[in-house]
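As provided, final_5.cif (mmCIF, C-alpha atoms, pLDDT in the B column; chains and numbers go by the auth columns) reads as follows.
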```
data_coords
#
loop_
_atom_site.group_PDB
_atom_site.id
_atom_site.type_symbol
_atom_site.label_atom_id
_atom_site.label_comp_id
_atom_site.label_asym_id
_atom_site.label_seq_id
_atom_site.Cartn_x
_atom_site.Cartn_y
_atom_site.Cartn_z
_atom_site.B_iso_or_equiv
_atom_site.auth_seq_id
_atom_site.auth_asym_id
ATOM 1 C CA THR A 1 59.256 -11.865 6.280 67.00 1196 A
ATOM 2 C CA GLU A 2 58.216 -15.513 6.688 79.00 1197 A
ATOM 3 C CA ILE A 3 56.733 -16.916 9.897 87.00 1198 A
ATOM 4 C CA ARG A 4 59.099 -19.592 11.126 90.00 1199 A
ATOM 5 C CA ASP A 5 59.195 -22.026 14.024 90.00 1200 A
ATOM 6 C CA ILE A 6 61.387 -19.811 16.189 93.00 1201 A
ATOM 7 C CA PRO A 7 60.826 -17.626 19.282 91.00 1202 A
ATOM 8 C CA HIS A 8 58.624 -14.636 18.431 95.00 1203 A
ATOM 9 C CA GLY A 9 58.502 -11.148 19.858 95.00 1204 A
ATOM 10 C CA THR A 10 55.452 -9.496 21.416 96.00 1205 A
ATOM 11 C CA LEU A 11 53.402 -6.554 20.124 97.00 1206 A
ATOM 12 C CA VAL A 12 51.995 -4.171 22.738 97.00 1207 A
ATOM 13 C CA HIS A 13 49.472 -1.374 22.102 97.00 1208 A
ATOM 14 C CA GLU A 14 50.058 1.753 24.183 97.00 1209 A
ATOM 15 C CA PHE A 15 47.593 4.643 24.601 95.00 1210 A
ATOM 16 C CA TYR A 16 48.124 8.055 26.148 92.00 1211 A
ATOM 17 C CA MET A 17 46.823 11.611 25.995 92.00 1212 A
ATOM 18 C CA SER A 18 49.184 13.854 24.035 91.00 1213 A
ATOM 19 C CA ASP A 19 49.684 17.490 24.973 91.00 1214 A
ATOM 20 C CA ILE A 20 51.055 18.150 21.494 87.00 1215 A
ATOM 21 C CA SER A 21 48.129 16.810 19.446 84.00 1216 A
ATOM 22 C CA ASN A 22 45.605 17.341 22.258 83.00 1217 A
ATOM 23 C CA ASN A 23 44.321 13.875 21.417 85.00 1218 A
ATOM 24 C CA TRP A 24 44.555 10.286 22.546 90.00 1219 A
ATOM 25 C CA GLU A 25 47.483 8.720 20.697 91.00 1220 A
ATOM 26 C CA ARG A 26 48.286 5.074 20.149 93.00 1221 A
ATOM 27 C CA PHE A 27 51.633 3.531 19.382 97.00 1222 A
ATOM 28 C CA ILE A 28 52.723 -0.072 18.960 98.00 1223 A
ATOM 29 C CA VAL A 29 55.758 -1.516 20.707 98.00 1224 A
ATOM 30 C CA TYR A 30 57.588 -4.606 19.478 97.00 1225 A
ATOM 31 C CA LEU A 31 59.440 -6.432 22.251 96.00 1226 A
ATOM 32 C CA PRO A 32 61.964 -9.035 21.084 95.00 1227 A
ATOM 33 C CA PRO A 33 61.701 -12.619 22.370 90.00 1228 A
ATOM 34 C CA CYS A 34 64.820 -12.217 24.510 81.00 1229 A
ATOM 35 C CA VAL A 35 65.294 -9.318 26.939 71.00 1230 A
ATOM 36 C CA PRO A 36 68.872 -8.935 28.226 71.00 1231 A
ATOM 37 C CA SER A 37 69.177 -7.917 31.877 71.00 1232 A
ATOM 38 C CA ALA A 38 71.149 -4.803 30.870 78.00 1233 A
ATOM 39 C CA GLY A 39 68.242 -3.434 28.835 89.00 1234 A
ATOM 40 C CA LEU A 40 67.472 -2.939 25.172 95.00 1235 A
ATOM 41 C CA PRO A 41 68.186 -0.360 22.481 96.00 1236 A
ATOM 42 C CA VAL A 42 65.194 1.289 20.796 98.00 1237 A
ATOM 43 C CA LEU A 43 64.328 1.887 17.139 98.00 1238 A
ATOM 44 C CA TYR A 44 61.595 4.471 16.452 98.00 1239 A
ATOM 45 C CA LEU A 45 60.044 3.417 13.132 98.00 1240 A
ATOM 46 C CA GLN A 46 57.655 5.645 11.131 98.00 1241 A
ATOM 47 C CA HIS A 47 55.077 4.888 8.419 97.00 1242 A
ATOM 48 C CA GLY A 48 54.138 6.921 5.342 96.00 1243 A
ATOM 49 C CA HIS A 49 51.428 9.463 4.474 95.00 1244 A
ATOM 50 C CA GLY A 50 47.860 8.239 4.820 93.00 1245 A
ATOM 51 C CA GLU A 51 48.948 5.241 6.881 95.00 1246 A
ATOM 52 C CA ASN A 52 49.141 4.715 10.623 94.00 1247 A
ATOM 53 C CA GLU A 53 51.096 2.982 13.375 96.00 1248 A
ATOM 54 C CA THR A 54 49.760 -0.480 12.405 97.00 1249 A
ATOM 55 C CA CYS A 55 51.217 -0.520 8.876 98.00 1250 A
ATOM 56 C CA TRP A 56 54.773 -1.566 9.715 98.00 1251 A
ATOM 57 C CA VAL A 57 53.244 -4.706 11.265 97.00 1252 A
ATOM 58 C CA SER A 58 50.316 -5.425 8.926 97.00 1253 A
ATOM 59 C CA GLN A 59 52.125 -4.660 5.656 97.00 1254 A
ATOM 60 C CA GLY A 60 55.753 -4.303 6.663 97.00 1255 A
ATOM 61 C CA LYS A 61 55.885 -7.578 8.654 97.00 1256 A
ATOM 62 C CA MET A 62 58.544 -5.890 10.795 98.00 1257 A
ATOM 63 C CA ASN A 63 57.990 -8.261 13.705 97.00 1258 A
ATOM 64 C CA PHE A 64 58.770 -11.318 11.576 97.00 1259 A
ATOM 65 C CA ILE A 65 61.767 -9.562 9.990 97.00 1260 A
ATOM 66 C CA TYR A 66 63.148 -8.798 13.458 97.00 1261 A
ATOM 67 C CA ASP A 67 62.272 -12.254 14.873 97.00 1262 A
ATOM 68 C CA ASN A 68 64.206 -13.938 12.074 96.00 1263 A
ATOM 69 C CA LEU A 69 67.205 -11.576 12.211 97.00 1264 A
ATOM 70 C CA VAL A 70 67.515 -11.870 16.004 95.00 1265 A
ATOM 71 C CA HIS A 71 67.210 -15.653 15.841 95.00 1266 A
ATOM 72 C CA GLN A 72 69.947 -15.789 13.180 95.00 1267 A
ATOM 73 C CA ARG A 73 72.051 -13.382 15.293 95.00 1268 A
ATOM 74 C CA LYS A 74 72.193 -10.979 12.381 97.00 1269 A
ATOM 75 C CA ALA A 75 70.554 -8.152 14.360 97.00 1270 A
ATOM 76 C CA VAL A 76 70.908 -6.900 17.911 95.00 1271 A
ATOM 77 C CA PRO A 77 67.663 -7.491 19.874 95.00 1272 A
ATOM 78 C CA ALA A 78 65.816 -4.172 20.123 97.00 1273 A
ATOM 79 C CA ILE A 79 62.522 -2.592 21.068 97.00 1274 A
ATOM 80 C CA VAL A 80 60.761 -1.128 18.012 98.00 1275 A
ATOM 81 C CA VAL A 81 58.299 1.719 18.557 98.00 1276 A
ATOM 82 C CA MET A 82 55.759 2.598 15.852 98.00 1277 A
ATOM 83 C CA ALA A 83 53.757 5.791 16.433 97.00 1278 A
ATOM 84 C CA ASN A 84 51.084 7.532 14.365 94.00 1279 A
ATOM 85 C CA GLY A 85 52.776 10.262 12.326 92.00 1280 A
ATOM 86 C CA MET A 86 49.495 11.675 10.973 90.00 1281 A
ATOM 87 C CA ILE A 87 49.357 14.379 13.641 86.00 1282 A
ATOM 88 C CA TYR A 88 46.396 16.718 13.185 84.00 1283 A
ATOM 89 C CA LYS A 89 45.596 20.037 14.798 79.00 1284 A
ATOM 90 C CA GLU A 90 41.879 20.833 14.894 75.00 1285 A
ATOM 91 C CA SER A 91 40.491 24.354 15.068 74.00 1286 A
ATOM 92 C CA GLY A 92 36.767 24.787 14.551 76.00 1287 A
ATOM 93 C CA ASP A 93 35.945 23.101 11.247 81.00 1288 A
ATOM 94 C CA LYS A 94 39.597 23.082 10.139 83.00 1289 A
ATOM 95 C CA ARG A 95 41.751 19.992 10.439 80.00 1290 A
ATOM 96 C CA GLU A 96 45.370 20.432 9.428 83.00 1291 A
ATOM 97 C CA LEU A 97 48.098 17.783 9.153 85.00 1292 A
ATOM 98 C CA LYS A 98 51.122 18.882 11.213 87.00 1293 A
ATOM 99 C CA TYR A 99 53.648 16.282 10.070 89.00 1294 A
ATOM 100 C CA ARG A 100 56.608 18.411 11.252 89.00 1295 A
ATOM 101 C CA ASP A 101 55.300 18.216 14.840 90.00 1296 A
ATOM 102 C CA MET A 102 56.619 14.644 14.931 93.00 1297 A
ATOM 103 C CA SER A 103 60.009 16.023 15.948 94.00 1298 A
ATOM 104 C CA GLU A 104 58.625 17.587 19.131 94.00 1299 A
ATOM 105 C CA PHE A 105 56.356 14.592 19.724 95.00 1300 A
ATOM 106 C CA VAL A 106 59.274 12.123 19.633 96.00 1301 A
ATOM 107 C CA LYS A 107 61.512 14.216 21.878 97.00 1302 A
ATOM 108 C CA GLU A 108 58.987 15.443 24.436 97.00 1303 A
ATOM 109 C CA GLU A 109 56.507 12.571 24.683 96.00 1304 A
ATOM 110 C CA LEU A 110 57.424 9.346 22.898 97.00 1305 A
ATOM 111 C CA ILE A 111 60.986 8.788 24.126 98.00 1306 A
ATOM 112 C CA PRO A 112 60.200 9.722 27.771 97.00 1307 A
ATOM 113 C CA TYR A 113 57.128 7.422 27.778 96.00 1308 A
ATOM 114 C CA VAL A 114 59.017 4.452 26.327 97.00 1309 A
ATOM 115 C CA GLU A 115 62.090 4.891 28.512 96.00 1310 A
ATOM 116 C CA ASN A 116 60.043 5.303 31.698 95.00 1311 A
ATOM 117 C CA LYS A 117 58.041 2.126 31.043 94.00 1312 A
ATOM 118 C CA TYR A 118 60.484 -0.264 29.346 94.00 1313 A
ATOM 119 C CA ARG A 119 63.950 -1.449 30.247 92.00 1314 A
ATOM 120 C CA THR A 120 66.134 0.605 27.900 94.00 1315 A
ATOM 121 C CA TYR A 121 69.626 2.068 28.015 93.00 1316 A
ATOM 122 C CA GLY A 122 68.292 5.613 27.817 93.00 1317 A
ATOM 123 C CA ASP A 123 71.148 7.096 25.779 96.00 1318 A
ATOM 124 C CA LYS A 124 71.704 8.120 22.173 96.00 1319 A
ATOM 125 C CA GLU A 125 74.171 5.279 21.557 96.00 1320 A
ATOM 126 C CA HIS A 126 71.216 2.920 21.904 97.00 1321 A
ATOM 127 C CA ARG A 127 68.606 4.889 19.964 98.00 1322 A
ATOM 128 C CA ALA A 128 67.765 4.817 16.248 98.00 1323 A
ATOM 129 C CA MET A 129 65.040 6.381 14.139 98.00 1324 A
ATOM 130 C CA ALA A 130 63.873 5.414 10.652 98.00 1325 A
ATOM 131 C CA GLY A 131 60.862 5.906 8.432 98.00 1326 A
ATOM 132 C CA LEU A 132 59.452 5.481 4.953 98.00 1327 A
ATOM 133 C CA SER A 133 58.240 8.221 2.572 97.00 1328 A
ATOM 134 C CA MET A 134 56.584 10.934 4.734 96.00 1329 A
ATOM 135 C CA GLY A 135 57.976 9.073 7.746 97.00 1330 A
ATOM 136 C CA SER A 136 61.451 9.401 6.258 98.00 1331 A
ATOM 137 C CA LEU A 137 61.015 13.176 6.141 97.00 1332 A
ATOM 138 C CA GLN A 138 59.778 13.150 9.742 97.00 1333 A
ATOM 139 C CA THR A 139 62.850 11.088 10.619 98.00 1334 A
ATOM 140 C CA SER A 140 65.176 13.579 8.901 98.00 1335 A
ATOM 141 C CA ILE A 141 63.530 16.571 10.598 97.00 1336 A
ATOM 142 C CA THR A 142 63.706 14.905 14.034 97.00 1337 A
ATOM 143 C CA ALA A 143 67.237 13.591 13.592 98.00 1338 A
ATOM 144 C CA PHE A 144 68.653 16.921 12.381 98.00 1339 A
ATOM 145 C CA GLU A 145 66.795 19.017 14.967 97.00 1340 A
ATOM 146 C CA HIS A 146 67.695 16.643 17.811 98.00 1341 A
ATOM 147 C CA SER A 147 70.820 14.809 16.692 97.00 1342 A
ATOM 148 C CA GLU A 148 71.838 14.424 20.344 97.00 1343 A
ATOM 149 C CA LEU A 149 69.060 11.809 20.638 98.00 1344 A
ATOM 150 C CA PHE A 150 70.081 9.309 17.940 98.00 1345 A
ATOM 151 C CA SER A 151 73.209 7.551 16.722 98.00 1346 A
ATOM 152 C CA TYR A 152 71.521 5.729 13.829 98.00 1347 A
ATOM 153 C CA VAL A 153 69.151 7.169 11.238 98.00 1348 A
ATOM 154 C CA GLY A 154 67.345 5.441 8.348 98.00 1349 A
ATOM 155 C CA VAL A 155 65.595 7.181 5.446 98.00 1350 A
ATOM 156 C CA PHE A 156 63.592 4.740 3.302 98.00 1351 A
ATOM 157 C CA SER A 157 62.310 5.918 -0.126 98.00 1352 A
ATOM 158 C CA GLY A 158 62.403 9.435 1.011 95.00 1353 A
ATOM 159 C CA PHE A 159 63.733 12.724 1.932 97.00 1354 A
ATOM 160 C CA VAL A 160 66.305 14.752 3.781 98.00 1355 A
ATOM 161 C CA GLN A 161 65.080 18.062 2.378 97.00 1356 A
ATOM 162 C CA ASP A 162 61.392 18.903 2.861 96.00 1357 A
ATOM 163 C CA ILE A 163 59.821 18.609 -0.581 91.00 1358 A
ATOM 164 C CA LEU A 164 56.296 19.150 0.765 88.00 1359 A
ATOM 165 C CA THR A 165 56.620 22.734 2.036 89.00 1360 A
ATOM 166 C CA GLN A 166 60.217 23.635 1.106 92.00 1361 A
ATOM 167 C CA ASN A 167 60.708 24.438 4.806 94.00 1362 A
ATOM 168 C CA GLN A 168 64.368 23.533 5.355 97.00 1363 A
ATOM 169 C CA SER A 169 64.596 24.969 8.874 97.00 1364 A
ATOM 170 C CA HIS A 170 65.863 21.604 10.184 97.00 1365 A
ATOM 171 C CA LEU A 171 68.932 21.861 7.933 98.00 1366 A
ATOM 172 C CA THR A 172 70.719 24.842 9.471 97.00 1367 A
ATOM 173 C CA GLU A 173 74.528 24.886 9.475 98.00 1368 A
ATOM 174 C CA LYS A 174 74.454 24.332 13.245 98.00 1369 A
ATOM 175 C CA ASN A 175 72.144 21.304 12.912 98.00 1370 A
ATOM 176 C CA LYS A 176 74.240 19.826 10.107 98.00 1371 A
ATOM 177 C CA GLU A 177 77.408 20.196 12.160 98.00 1372 A
ATOM 178 C CA SER A 178 75.743 18.571 15.172 98.00 1373 A
ATOM 179 C CA PHE A 179 74.450 15.728 12.975 98.00 1374 A
ATOM 180 C CA ARG A 180 77.949 15.092 11.609 97.00 1375 A
ATOM 181 C CA GLU A 181 79.285 14.852 15.161 96.00 1376 A
ATOM 182 C CA ASN A 182 76.533 12.652 16.596 97.00 1377 A
ATOM 183 C CA ASN A 183 75.602 10.299 13.777 97.00 1378 A
ATOM 184 C CA LYS A 184 77.202 6.836 13.554 97.00 1379 A
ATOM 185 C CA LEU A 185 75.167 5.567 10.613 98.00 1380 A
ATOM 186 C CA PHE A 186 72.987 7.415 8.122 98.00 1381 A
ATOM 187 C CA PHE A 187 71.282 4.824 5.914 98.00 1382 A
ATOM 188 C CA ARG A 188 69.336 5.798 2.792 98.00 1383 A
ATOM 189 C CA GLY A 189 67.533 3.359 0.501 98.00 1384 A
ATOM 190 C CA ILE A 190 65.090 3.661 -2.401 98.00 1385 A
ATOM 191 C CA GLY A 191 63.660 1.640 -5.286 98.00 1386 A
ATOM 192 C CA ALA A 192 65.253 2.208 -8.698 98.00 1387 A
ATOM 193 C CA GLU A 193 61.793 2.762 -10.210 98.00 1388 A
ATOM 194 C CA ASP A 194 60.558 5.047 -7.388 98.00 1389 A
ATOM 195 C CA ARG A 195 58.784 8.175 -8.650 97.00 1390 A
ATOM 196 C CA PHE A 196 60.739 10.216 -6.095 97.00 1391 A
ATOM 197 C CA ILE A 197 64.166 9.049 -7.299 97.00 1392 A
ATOM 198 C CA ASP A 198 65.065 12.562 -8.561 97.00 1393 A
ATOM 199 C CA PHE A 199 64.486 13.982 -5.065 97.00 1394 A
ATOM 200 C CA PHE A 200 66.679 11.203 -3.679 98.00 1395 A
ATOM 201 C CA LYS A 201 69.441 12.249 -6.112 97.00 1396 A
ATOM 202 C CA SER A 202 68.958 15.885 -5.116 97.00 1397 A
ATOM 203 C CA ASP A 203 69.508 14.828 -1.497 98.00 1398 A
ATOM 204 C CA ASP A 204 72.667 13.010 -2.634 98.00 1399 A
ATOM 205 C CA GLU A 205 74.047 16.322 -3.890 98.00 1400 A
ATOM 206 C CA PHE A 206 72.919 18.196 -0.786 98.00 1401 A
ATOM 207 C CA LEU A 207 74.588 15.688 1.559 98.00 1402 A
ATOM 208 C CA GLU A 208 77.794 15.622 -0.452 97.00 1403 A
ATOM 209 C CA LYS A 209 77.950 19.426 -0.378 97.00 1404 A
ATOM 210 C CA SER A 210 77.235 19.338 3.375 97.00 1405 A
ATOM 211 C CA LYS A 211 79.967 16.718 3.928 97.00 1406 A
ATOM 212 C CA ILE A 212 77.478 14.317 5.522 98.00 1407 A
ATOM 213 C CA LYS A 213 78.299 10.669 4.869 97.00 1408 A
ATOM 214 C CA CYS A 214 75.619 8.067 4.310 97.00 1409 A
ATOM 215 C CA GLU A 215 75.256 4.431 3.384 97.00 1410 A
ATOM 216 C CA ARG A 216 73.173 4.381 0.227 97.00 1411 A
ATOM 217 C CA LYS A 217 71.314 1.459 -1.358 98.00 1412 A
ATOM 218 C CA ILE A 218 69.197 1.203 -4.501 98.00 1413 A
ATOM 219 C CA TYR A 219 66.727 -1.689 -4.663 98.00 1414 A
ATOM 220 C CA LYS A 220 64.647 -3.179 -7.439 98.00 1415 A
ATOM 221 C CA GLY A 221 61.139 -1.776 -7.126 98.00 1416 A
ATOM 222 C CA ASP A 222 58.934 1.298 -6.884 98.00 1417 A
ATOM 223 C CA HIS A 223 57.521 3.287 -3.935 98.00 1418 A
ATOM 224 C CA GLU A 224 56.295 0.093 -2.272 98.00 1419 A
ATOM 225 C CA TRP A 225 56.479 -2.260 0.684 98.00 1420 A
ATOM 226 C CA LYS A 226 58.771 -4.810 -0.912 97.00 1421 A
ATOM 227 C CA VAL A 227 61.437 -2.054 -0.986 98.00 1422 A
ATOM 228 C CA TRP A 228 60.700 -0.804 2.544 98.00 1423 A
ATOM 229 C CA ARG A 229 60.830 -4.309 4.011 98.00 1424 A
ATOM 230 C CA ARG A 230 64.221 -4.732 2.368 98.00 1425 A
ATOM 231 C CA CYS A 231 65.381 -1.376 3.768 98.00 1426 A
ATOM 232 C CA LEU A 232 64.425 -2.463 7.289 98.00 1427 A
ATOM 233 C CA TYR A 233 66.050 -5.867 6.809 98.00 1428 A
ATOM 234 C CA ASP A 234 69.349 -4.216 5.874 98.00 1429 A
ATOM 235 C CA PHE A 235 69.151 -1.306 8.343 98.00 1430 A
ATOM 236 C CA ALA A 236 68.368 -3.576 11.324 98.00 1431 A
ATOM 237 C CA GLN A 237 71.605 -5.510 10.722 98.00 1432 A
ATOM 238 C CA LEU A 238 73.718 -2.348 10.888 98.00 1433 A
ATOM 239 C CA ILE A 239 72.421 -0.658 14.041 98.00 1434 A
ATOM 240 C CA PHE A 240 73.440 -1.023 17.688 96.00 1435 A
ATOM 241 C CA ARG A 241 76.512 -3.085 16.835 91.00 1436 A
ATOM 242 C CA GLU A 242 79.514 -2.660 19.104 81.00 1437 A
ATOM 243 C CA ASP A 243 81.840 -2.505 16.090 68.00 1438 A
ATOM 244 C CA ASN A 244 80.137 0.673 14.791 58.00 1439 A
#
```
The structure given in the file should be rewritten as C-alpha cells.
Amino acid sequence: TEIRDIPHGTLVHEFYMSDISNNWERFIVYLPPCVPSAGLPVLYLQHGHGENETCWVSQGKMNFIYDNLVHQRKAVPAIVVMANGMIYKESGDKRELKYRDMSEFVKEELIPYVENKYRTYGDKEHRAMAGLSMGSLQTSITAFEHSELFSYVGVFSGFVQDILTQNQSHLTEKNKESFRENNKLFFRGIGAEDRFIDFFKSDDEFLEKSKIKCERKIYKGDHEWKVWRRCLYDFAQLIFREDN
C-alpha cells in the first residue's frame, strides 16, 4: 500500500443518470499506468455497507496496491471500476436501500458504460468482480445471477448466501450449475477474528454441498481494511492470467 517512485495509474470520476436508481450515479475508474494496444481486462470492485465508491481508494489504497503489483509484474494491468453500491429507491417520504439491485445495475448500466468508453476486451474471460462485506454479497448475487459475465469472483469478509434477508433466489440449481461452468477462480478471504466468521463457515458447507470450488484464505484480523487490502493484494495476482 506504500507510495513508491514508480509509474502510477490514474483515477477518473464518471457521472451518469441511472434508469435503475433514477438518480445521478458516480463511479471511480482506475486506469493502470500502461495501456496495452489490445485493451485491458476489468475488475468491478465493491465497498461495504454505509460506505461509497471512494472508500477503496481513500481507505483501501487500491490504486497503490495495483501500481506496485503491476510494476513488479505480479498482476496483469487492469481497469478497476468502483461504483456506489448504496442504491436507494425513494417513494414519497420513504427511502429504501435496494442492495440487490446492484446485479441489474452492473449488467445493464455499468458494464455497457465502461466497455463503450474504455478500451477493454469486452468478454467474460477478461472480467472480474469482487467486493467486501455487503459488497461481497452484491458480488455473489451478481456473479451467480449473471455468471456468463465473469470468469473471476472475489468475496472478501463476506457472503455467498444472503444473511440480510435470507433471500437465496440467486442460488438456484440452474445458477449454481452455470457458475460451475463459467467460473475460473472463486476467491474467498476473511479475518480469523471477523464477527461474521460463522457465516463464512456456513458458506463453506454450502459450497462444498453444491460442488463449487473456491480458493479460501484466512487472514489475521477482524472485519477491517487491513484484511480487505490483503484480500485485494492476493486476488489481483490471481486474475486475468493466461495460465488460469
Please expand the PyMOL selection byres ((chain A and resi 1256-1273) around 9) into the concrete residues it hits in this file, giving the result as a VMD selection string. chain A and resid 1196 to 1199 1201 to 1206 1225 to 1231 1235 to 1238 1250 to 1255 1274 to 1275 1424 1427 to 1428 1431 to 1436
Run the PyMOL selection byres ((chain A and resi 1327) around 9) against the file shown and list the residues it catches, as number ranges by chain. A: 1240-1244, 1325-1326, 1328-1332, 1334, 1349-1354, 1423
Show me, as a PyMOL selection string, the residues that have an atom within 6 Å of region 1361-1373 of chain A when counting only C-alpha atoms, minus same-chain residues fewer than 2 positions from it. chain A and resi 1336+1339-1340+1357-1359+1375-1376
I'd like the residues picked by the PyMOL selection byres ((chain A and resi 1415) around 8) written out as a PyMOL selection string, using the chain letters and numbers from the file. chain A and resi 1386-1388+1413-1414+1416-1417+1422
Export C-alpha atoms of the chosen residues as a compact mmCIF listing (two decimals), keeping the file's coordinate frame?
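result.txt, written as the output of this step:
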```txt
# COMPACT_ATOMS: atom_id res chain seq x y z
CA GLY A 1386 63.66 1.64 -5.29
CA ALA A 1387 65.25 2.21 -8.70
CA GLU A 1388 61.79 2.76 -10.21
CA ILE A 1413 69.20 1.20 -4.50
CA TYR A 1414 66.73 -1.69 -4.66
CA GLY A 1416 61.14 -1.78 -7.13
CA ASP A 1417 58.93 1.30 -6.88
CA VAL A 1422 61.44 -2.05 -0.99
```
List as a ChimeraX atom specification the protein and nucleic acid residues near Ala1323 (chain A), meaning an atom at most 7 Å away when all atoms listed in the file are counted, but skip any in the same chain fewer than 3 places from it. /A:1237-1239,1345-1348
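For the pair CA of Ala1278 (chain A) and CA of Asp1389 (chain A), the interatomic distance is 24.8 Å.
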